[in-house]
Amino acid sequence: MQKYIYNFKEANGKMVESLGAKGASLAEMTKEGLNVPKGFVISTAACQNYLSGSQQGLSPAIDAELENAIKDLEKRTGKSFNDPNHLLLVSIRSGAAHHLPENRESILNVGLNDKNVEHLARSTKNRRFAYDCYRRLLQMYGQSIYGIDRDCFQTKLDEAKADEGVERTQDLSYNRLRLLVNQFKDVYTEEVGISFPQVVTTQIADAIKAIYKNWDSDYMREQRNKLDLPEDLGTAVIIQEMVFGNAGEESGTGIIVVHQDQDEKDLEGEFLLRGQGEDVVIGSGEPMSLAEMKDYFPENYDYLVQAVATMKTFYNKLENLEFTIEDGQSFILEAHGK
C-alpha cells in the first residue's frame with residue numbers, strides 16, 4: 001500500500017522529490033536534532049493523485065492517512081484541536097521539489113474559530129495575542145481559499161491603525177483587534193456571501209485544496225513549462241504545529257542570509273520583534289539586524305549560529321534559514337540550500 005504522508009522523523013533531507021524541498025529540509029533538521037516544530041508532510045504523490053481525480057477532495061485512502069497523521073500529531077504535541085487547555089494550531093504550507101517563487105501558499109493559525117480564540121486567550125492569559133492570531137488567519141484564509149482581494153482586509157487594518165494613532169500592527173490594542181476580527185468576518189459575507197468556517201477539519205481540507213488549486217493554475221503551469229519541469233509534477237503540503245513569534249516581548253521571527261565565506265559567528269539577516277513569519281516576507285513592521293538582535297537575545301543568537309553550522313554540513317550551499325523565537329525559545333522553521 002502506497003504511503004502518502006510522512007512525519008518529519010520518518011523522512012530525511014534526500015527525499016526532495018517526494019516531500020518537496022521545504023518538507024525535506026524540515027525532516028533533515030529534525031534528524032540533526034534541531035528544534036523544529038512537530039509536523040508532517042503530505043507528499044507530492046498525493047497532489048498528483050488529487051489532480052488526476054475529480055478534484056473534489058482527497059481519495060478515501062489519503063483522507064484516512066491524514067486523519068491518522070493528525071491524531072499522531074496531537075499525541076506527539078500533547079495538544080489537540082478544540083482542547084480548551086492544550087489547543088493545537090497549525091500552519092499549512094506548500095513546498096515543491098523545485099523553487100518556484102509563486103508557490104508559497106501559506107496559512108497560519110489554522111484551527112482558530114470563535115470558540116478556540118477564547119480558549120487561546122484564557123490559556124495564554126493574553127487576549128491581545130489570541131485575537132492577533134485570529135485576524136491573521138481570517139485574512140490569509142480569505143485570500144488563499146476564496147480569493148478575496150488583500151485590499152479588502154488591508155483597508156480595514158489601516159483604518160484600525162489610524163484610529164489608534166499607531167504605525168505598526170503590533171501596537172494595536174486588544175479591543176481594536178477584537179473589533180478588527182469582526183470586521184474581517186464581515187468581509188467574507190460582503191465579498192463571497194459566506195461565513196468563515198468554524199469547523200477545524202473544514203479549514204484543513206480547504207487549505208490543502210487551495211494549495212493544489214494554485215499549483216494547477218494556468219500561471220503555475222506556465223512557470224513550470226518555462227523551467228521544463230514535468231507536467232505531472234506535484235507539490236507537497238506541510239502541516240506543522242504553530243509556534244508564535246507574536247506571543248510577546250520575548251518573541252519574534254527572522255531570517256538568516258548565509259554567505260559561504262562569512263564568519264560563522266557573524267550572522268546576517270533580519271529579526272522582527274512580535275511578528276509572525278509572513279510579516280518578514282511582506283515587509284511588515286520594522287525589523288532589526290541580527291547583530292542588534294544579539295544584544296537582546298544572546299542565547300538565541302548562539303543557538304542560531306549552531307543551527308547554521310549544522311545545516312552547512314548537509315547542503316553544498318546553504319542560502320538562508322528561517323526561525324521563530326517564542327517566549328525566549330528558538331525554533332527553526334525552514335532551510336534553503338542546494
# chains A, B, ... in the order shown; residues from 1 in each chain; ligands from 1
$ select_by_dssp --residues "segment 45-269 of chain A" --states "helix (DSSP H, G or I)" --output "PyMOL selection string"
chain A and resi 45-51+60-77+116-124+127-146+150-164+169-171+174-192+200-215+218-226
$ residues_around --residues "Ser144 of chain A" --least-positions-apart "2" --cutoff "10 Å" --atoms "only C-alpha atoms" --output "ChimeraX atom specification"
/A:105-107,139-142,146-150,206-207,210-211,213-214
$ closest_residue --among "A:Tyr219, A:Phe81, A:Tyr4, A:Tyr50" --to "Val199 of chain A" --atoms "only C-alpha atoms"
A:Phe81
$ select_by_dssp --residues "segment 252-303 of chain A" --states "strand (DSSP E)" --output "number ranges by chain"
A: 252-257, 268-273, 288-289
$ residues_around --residues "Lys317 of chain A" --least-positions-apart "2" --cutoff "9 Å" --atoms "only C-alpha atoms" --output "PyMOL selection string"
chain A and resi 258-260+312+314-315+319+336-338
$ closest_residue --among "A:Val192, A:Met242, A:Ile42, A:Leu318" --to "Gln276 of chain A" --atoms "only C-alpha atoms"
A:Met242
$ residues_around --residues "Gly57 of chain A" --least-positions-apart "4" --cutoff "10 Å" --atoms "only C-alpha atoms" --output "list in words"
Tyr50, Leu51, Gly53, Ile62, Asp63, Ala205, Asp206, Ile208 and Lys209 of chain A
$ write_last_selection --atoms "N, CA and C atoms" --output "mmCIF file, in the first residue's frame"
data_model
loop_
_atom_site.group_PDB
_atom_site.id
_atom_site.type_symbol
_atom_site.label_atom_id
_atom_site.label_comp_id
_atom_site.auth_asym_id
_atom_site.auth_seq_id
_atom_site.Cartn_x
_atom_site.Cartn_y
_atom_site.Cartn_z
ATOM 1 N N TYR A 50 -4.650 13.709 -6.420
ATOM 2 C CA TYR A 50 -5.779 14.647 -6.371
ATOM 3 C C TYR A 50 -6.066 15.233 -7.753
ATOM 4 N N LEU A 51 -5.021 15.693 -8.430
ATOM 5 C CA LEU A 51 -5.197 16.368 -9.714
ATOM 6 C C LEU A 51 -5.625 15.405 -10.823
ATOM 7 N N GLY A 53 -7.743 12.999 -10.315
ATOM 8 C CA GLY A 53 -9.085 12.543 -9.982
ATOM 9 C C GLY A 53 -10.129 13.611 -10.213
ATOM 10 N N ILE A 62 -6.072 8.416 1.220
ATOM 11 C CA ILE A 62 -5.243 9.526 1.686
ATOM 12 C C ILE A 62 -5.949 10.263 2.819
ATOM 13 N N ASP A 63 -7.263 10.396 2.712
ATOM 14 C CA ASP A 63 -8.035 11.059 3.762
ATOM 15 C C ASP A 63 -7.886 10.312 5.090
ATOM 16 N N ALA A 205 -8.963 20.891 5.262
ATOM 17 C CA ALA A 205 -9.255 20.361 3.925
ATOM 18 C C ALA A 205 -9.253 21.474 2.884
ATOM 19 N N ASP A 206 -9.839 22.623 3.223
ATOM 20 C CA ASP A 206 -9.883 23.745 2.277
ATOM 21 C C ASP A 206 -8.489 24.275 1.980
ATOM 22 N N ILE A 208 -5.636 22.593 2.040
ATOM 23 C CA ILE A 208 -4.938 21.636 1.164
ATOM 24 C C ILE A 208 -5.421 21.795 -0.272
ATOM 25 N N LYS A 209 -6.733 21.875 -0.455
ATOM 26 C CA LYS A 209 -7.285 22.027 -1.806
ATOM 27 C C LYS A 209 -6.849 23.346 -2.448
#
$ closest_atom_pairs --of "segment 129-154 of chain A" --to "segment 176-180 of chain A" --cutoff "9 Å" --atoms "only C-alpha atoms" --output "JSON lines"
{"residue": "A:Tyr131", "atom": "CA", "partner": "A:Arg178", "partner_atom": "CA", "distance": 6.0}
{"residue": "A:Asp132", "atom": "CA", "partner": "A:Leu177", "partner_atom": "CA", "distance": 6.3}
{"residue": "A:Tyr134", "atom": "CA", "partner": "A:Arg178", "partner_atom": "CA", "distance": 9.0}
{"residue": "A:Arg135", "atom": "CA", "partner": "A:Leu180", "partner_atom": "CA", "distance": 7.0}
$ write_last_selection --atoms "all heavy atoms" --output "PDB file, in the first residue's frame"
ATOM      1  N   TYR A 131      -6.310  37.333  19.689  1.00  0.00           N
ATOM      2  CA  TYR A 131      -7.077  37.974  18.623  1.00  0.00           C
ATOM      3  C   TYR A 131      -6.186  38.449  17.479  1.00  0.00           C
ATOM      4  O   TYR A 131      -6.651  38.554  16.338  1.00  0.00           O
ATOM      5  CB  TYR A 131      -7.938  39.095  19.199  1.00  0.00           C
ATOM      6  CG  TYR A 131      -9.237  38.547  19.757  1.00  0.00           C
ATOM      7  CD1 TYR A 131      -9.290  38.022  21.048  1.00  0.00           C
ATOM      8  CD2 TYR A 131     -10.381  38.468  18.971  1.00  0.00           C
ATOM      9  CE1 TYR A 131     -10.452  37.459  21.546  1.00  0.00           C
ATOM     10  CE2 TYR A 131     -11.549  37.916  19.459  1.00  0.00           C
ATOM     11  CZ  TYR A 131     -11.586  37.411  20.740  1.00  0.00           C
ATOM     12  OH  TYR A 131     -12.747  36.834  21.213  1.00  0.00           O
ATOM     13  N   ASP A 132      -4.927  38.706  17.758  1.00  0.00           N
ATOM     14  CA  ASP A 132      -3.987  38.998  16.672  1.00  0.00           C
ATOM     15  C   ASP A 132      -3.825  37.759  15.790  1.00  0.00           C
ATOM     16  O   ASP A 132      -3.797  37.851  14.565  1.00  0.00           O
ATOM     17  CB  ASP A 132      -2.636  39.432  17.249  1.00  0.00           C
ATOM     18  CG  ASP A 132      -1.625  39.794  16.171  1.00  0.00           C
ATOM     19  OD1 ASP A 132      -1.979  40.558  15.246  1.00  0.00           O
ATOM     20  OD2 ASP A 132      -0.490  39.303  16.232  1.00  0.00           O
ATOM     21  N   TYR A 134      -6.028  35.390  15.385  1.00  0.00           N
ATOM     22  CA  TYR A 134      -7.285  35.136  14.673  1.00  0.00           C
ATOM     23  C   TYR A 134      -7.428  36.058  13.461  1.00  0.00           C
ATOM     24  O   TYR A 134      -7.823  35.618  12.380  1.00  0.00           O
ATOM     25  CB  TYR A 134      -8.458  35.319  15.634  1.00  0.00           C
ATOM     26  CG  TYR A 134      -9.758  34.669  15.195  1.00  0.00           C
ATOM     27  CD1 TYR A 134      -9.811  33.753  14.149  1.00  0.00           C
ATOM     28  CD2 TYR A 134     -10.953  34.972  15.858  1.00  0.00           C
ATOM     29  CE1 TYR A 134     -11.011  33.154  13.769  1.00  0.00           C
ATOM     30  CE2 TYR A 134     -12.157  34.373  15.488  1.00  0.00           C
ATOM     31  CZ  TYR A 134     -12.187  33.475  14.436  1.00  0.00           C
ATOM     32  OH  TYR A 134     -13.369  32.888  14.053  1.00  0.00           O
ATOM     33  N   ARG A 135      -7.084  37.326  13.635  1.00  0.00           N
ATOM     34  CA  ARG A 135      -7.234  38.238  12.486  1.00  0.00           C
ATOM     35  C   ARG A 135      -6.254  37.855  11.379  1.00  0.00           C
ATOM     36  O   ARG A 135      -6.563  38.008  10.188  1.00  0.00           O
ATOM     37  CB  ARG A 135      -7.061  39.699  12.917  1.00  0.00           C
ATOM     38  CG  ARG A 135      -5.673  40.152  13.372  1.00  0.00           C
ATOM     39  CD  ARG A 135      -4.847  40.759  12.280  1.00  0.00           C
ATOM     40  NE  ARG A 135      -3.473  41.000  12.727  1.00  0.00           N
ATOM     41  CZ  ARG A 135      -2.483  41.214  11.880  1.00  0.00           C
ATOM     42  NH1 ARG A 135      -2.676  41.217  10.578  1.00  0.00           N
ATOM     43  NH2 ARG A 135      -1.260  41.407  12.336  1.00  0.00           N
TER      44      ARG A 135
END
$ closest_residue --among "A:Gly269, A:Gly78, A:Gly111, A:Gly23" --to "Ala96 of chain A" --atoms "only C-alpha atoms"
A:Gly23
$ closest_residue --among "A:Ala335, A:Leu157, A:Lys71, A:Thr324" --to "Thr310 of chain A" --atoms "only C-alpha atoms"
A:Ala335
$ closest_residue --among "A:Lys125, A:Lys75, A:Lys226, A:Lys9" --to "Gly33 of chain A" --atoms "only C-alpha atoms"
A:Lys9
$ decode --residues "segment 249-261 of chain A" --atoms "all heavy atoms" --output "PDB file, in the first residue's frame"
ATOM      1  N   GLU A 249       6.911  40.141  24.195  1.00  0.00           N
ATOM      2  CA  GLU A 249       8.173  40.868  24.077  1.00  0.00           C
ATOM      3  C   GLU A 249       9.395  39.953  23.992  1.00  0.00           C
ATOM      4  O   GLU A 249      10.473  40.398  23.618  1.00  0.00           O
ATOM      5  CB  GLU A 249       8.338  41.826  25.265  1.00  0.00           C
ATOM      6  CG  GLU A 249       7.313  42.957  25.303  1.00  0.00           C
ATOM      7  CD  GLU A 249       7.404  43.860  24.085  1.00  0.00           C
ATOM      8  OE1 GLU A 249       8.516  43.996  23.525  1.00  0.00           O
ATOM      9  OE2 GLU A 249       6.369  44.427  23.689  1.00  0.00           O
ATOM     10  N   GLU A 250       9.230  38.695  24.347  1.00  0.00           N
ATOM     11  CA  GLU A 250      10.329  37.745  24.247  1.00  0.00           C
ATOM     12  C   GLU A 250      10.185  36.864  23.012  1.00  0.00           C
ATOM     13  O   GLU A 250      10.719  35.754  22.957  1.00  0.00           O
ATOM     14  CB  GLU A 250      10.382  36.866  25.508  1.00  0.00           C
ATOM     15  CG  GLU A 250      10.683  37.632  26.782  1.00  0.00           C
ATOM     16  CD  GLU A 250      12.077  38.261  26.762  1.00  0.00           C
ATOM     17  OE1 GLU A 250      13.028  37.573  26.354  1.00  0.00           O
ATOM     18  OE2 GLU A 250      12.185  39.433  27.159  1.00  0.00           O
ATOM     19  N   SER A 251       9.466  37.366  22.023  1.00  0.00           N
ATOM     20  CA  SER A 251       9.166  36.575  20.831  1.00  0.00           C
ATOM     21  C   SER A 251       9.406  37.389  19.561  1.00  0.00           C
ATOM     22  O   SER A 251       9.403  38.623  19.582  1.00  0.00           O
ATOM     23  CB  SER A 251       7.701  36.106  20.856  1.00  0.00           C
ATOM     24  OG  SER A 251       7.407  35.409  22.051  1.00  0.00           O
ATOM     25  N   GLY A 252       9.615  36.675  18.469  1.00  0.00           N
ATOM     26  CA  GLY A 252       9.804  37.346  17.186  1.00  0.00           C
ATOM     27  C   GLY A 252      10.116  36.326  16.100  1.00  0.00           C
ATOM     28  O   GLY A 252      10.173  35.120  16.347  1.00  0.00           O
ATOM     29  N   THR A 253      10.328  36.816  14.903  1.00  0.00           N
ATOM     30  CA  THR A 253      10.598  35.934  13.772  1.00  0.00           C
ATOM     31  C   THR A 253      11.669  36.563  12.891  1.00  0.00           C
ATOM     32  O   THR A 253      11.831  37.785  12.866  1.00  0.00           O
ATOM     33  CB  THR A 253       9.303  35.698  12.963  1.00  0.00           C
ATOM     34  OG1 THR A 253       9.535  34.708  11.982  1.00  0.00           O
ATOM     35  CG2 THR A 253       8.834  36.971  12.278  1.00  0.00           C
ATOM     36  N   GLY A 254      12.426  35.716  12.181  1.00  0.00           N
ATOM     37  CA  GLY A 254      13.512  36.283  11.384  1.00  0.00           C
ATOM     38  C   GLY A 254      14.026  35.339  10.319  1.00  0.00           C
ATOM     39  O   GLY A 254      13.592  34.190  10.205  1.00  0.00           O
ATOM     40  N   ILE A 255      14.959  35.854   9.566  1.00  0.00           N
ATOM     41  CA  ILE A 255      15.599  35.075   8.513  1.00  0.00           C
ATOM     42  C   ILE A 255      17.095  35.351   8.530  1.00  0.00           C
ATOM     43  O   ILE A 255      17.528  36.497   8.737  1.00  0.00           O
ATOM     44  CB  ILE A 255      14.997  35.402   7.131  1.00  0.00           C
ATOM     45  CG1 ILE A 255      15.616  34.512   6.052  1.00  0.00           C
ATOM     46  CG2 ILE A 255      15.143  36.886   6.787  1.00  0.00           C
ATOM     47  CD1 ILE A 255      14.882  34.575   4.728  1.00  0.00           C
ATOM     48  N   ILE A 256      17.871  34.301   8.364  1.00  0.00           N
ATOM     49  CA  ILE A 256      19.327  34.401   8.291  1.00  0.00           C
ATOM     50  C   ILE A 256      19.746  34.217   6.836  1.00  0.00           C
ATOM     51  O   ILE A 256      19.365  33.239   6.197  1.00  0.00           O
ATOM     52  CB  ILE A 256      20.010  33.320   9.152  1.00  0.00           C
ATOM     53  CG1 ILE A 256      19.542  33.415  10.609  1.00  0.00           C
ATOM     54  CG2 ILE A 256      21.529  33.430   9.062  1.00  0.00           C
ATOM     55  CD1 ILE A 256      19.926  32.204  11.443  1.00  0.00           C
ATOM     56  N   VAL A 257      20.504  35.159   6.317  1.00  0.00           N
ATOM     57  CA  VAL A 257      21.046  35.051   4.963  1.00  0.00           C
ATOM     58  C   VAL A 257      22.480  34.561   5.083  1.00  0.00           C
ATOM     59  O   VAL A 257      23.298  35.171   5.784  1.00  0.00           O
ATOM     60  CB  VAL A 257      21.000  36.407   4.234  1.00  0.00           C
ATOM     61  CG1 VAL A 257      21.586  36.275   2.833  1.00  0.00           C
ATOM     62  CG2 VAL A 257      19.567  36.924   4.171  1.00  0.00           C
ATOM     63  N   VAL A 258      22.768  33.463   4.416  1.00  0.00           N
ATOM     64  CA  VAL A 258      24.055  32.789   4.616  1.00  0.00           C
ATOM     65  C   VAL A 258      24.975  33.028   3.427  1.00  0.00           C
ATOM     66  O   VAL A 258      24.580  32.846   2.268  1.00  0.00           O
ATOM     67  CB  VAL A 258      23.858  31.272   4.813  1.00  0.00           C
ATOM     68  CG1 VAL A 258      25.197  30.578   5.010  1.00  0.00           C
ATOM     69  CG2 VAL A 258      22.930  31.014   6.000  1.00  0.00           C
ATOM     70  N   HIS A 259      26.210  33.437   3.733  1.00  0.00           N
ATOM     71  CA  HIS A 259      27.269  33.535   2.733  1.00  0.00           C
ATOM     72  C   HIS A 259      28.347  32.529   3.117  1.00  0.00           C
ATOM     73  O   HIS A 259      28.758  32.454   4.275  1.00  0.00           O
ATOM     74  CB  HIS A 259      27.856  34.953   2.696  1.00  0.00           C
ATOM     75  CG  HIS A 259      26.826  36.012   2.450  1.00  0.00           C
ATOM     76  ND1 HIS A 259      26.214  36.184   1.233  1.00  0.00           N
ATOM     77  CD2 HIS A 259      26.277  36.943   3.270  1.00  0.00           C
ATOM     78  CE1 HIS A 259      25.357  37.186   1.297  1.00  0.00           C
ATOM     79  NE2 HIS A 259      25.364  37.650   2.531  1.00  0.00           N
ATOM     80  N   GLN A 260      28.796  31.768   2.168  1.00  0.00           N
ATOM     81  CA  GLN A 260      29.695  30.662   2.473  1.00  0.00           C
ATOM     82  C   GLN A 260      31.014  31.116   3.085  1.00  0.00           C
ATOM     83  O   GLN A 260      31.643  30.393   3.845  1.00  0.00           O
ATOM     84  CB  GLN A 260      29.968  29.838   1.209  1.00  0.00           C
ATOM     85  CG  GLN A 260      28.713  29.195   0.625  1.00  0.00           C
ATOM     86  CD  GLN A 260      27.972  28.328   1.639  1.00  0.00           C
ATOM     87  OE1 GLN A 260      26.890  28.675   2.110  1.00  0.00           O
ATOM     88  NE2 GLN A 260      28.566  27.201   1.983  1.00  0.00           N
ATOM     89  N   ASP A 261      31.470  32.323   2.757  1.00  0.00           N
ATOM     90  CA  ASP A 261      32.774  32.771   3.236  1.00  0.00           C
ATOM     91  C   ASP A 261      32.684  33.671   4.465  1.00  0.00           C
ATOM     92  O   ASP A 261      33.695  34.221   4.907  1.00  0.00           O
ATOM     93  CB  ASP A 261      33.521  33.502   2.108  1.00  0.00           C
ATOM     94  CG  ASP A 261      32.730  34.699   1.571  1.00  0.00           C
ATOM     95  OD1 ASP A 261      31.545  34.835   1.934  1.00  0.00           O
ATOM     96  OD2 ASP A 261      33.310  35.485   0.786  1.00  0.00           O
TER      97      ASP A 261
END
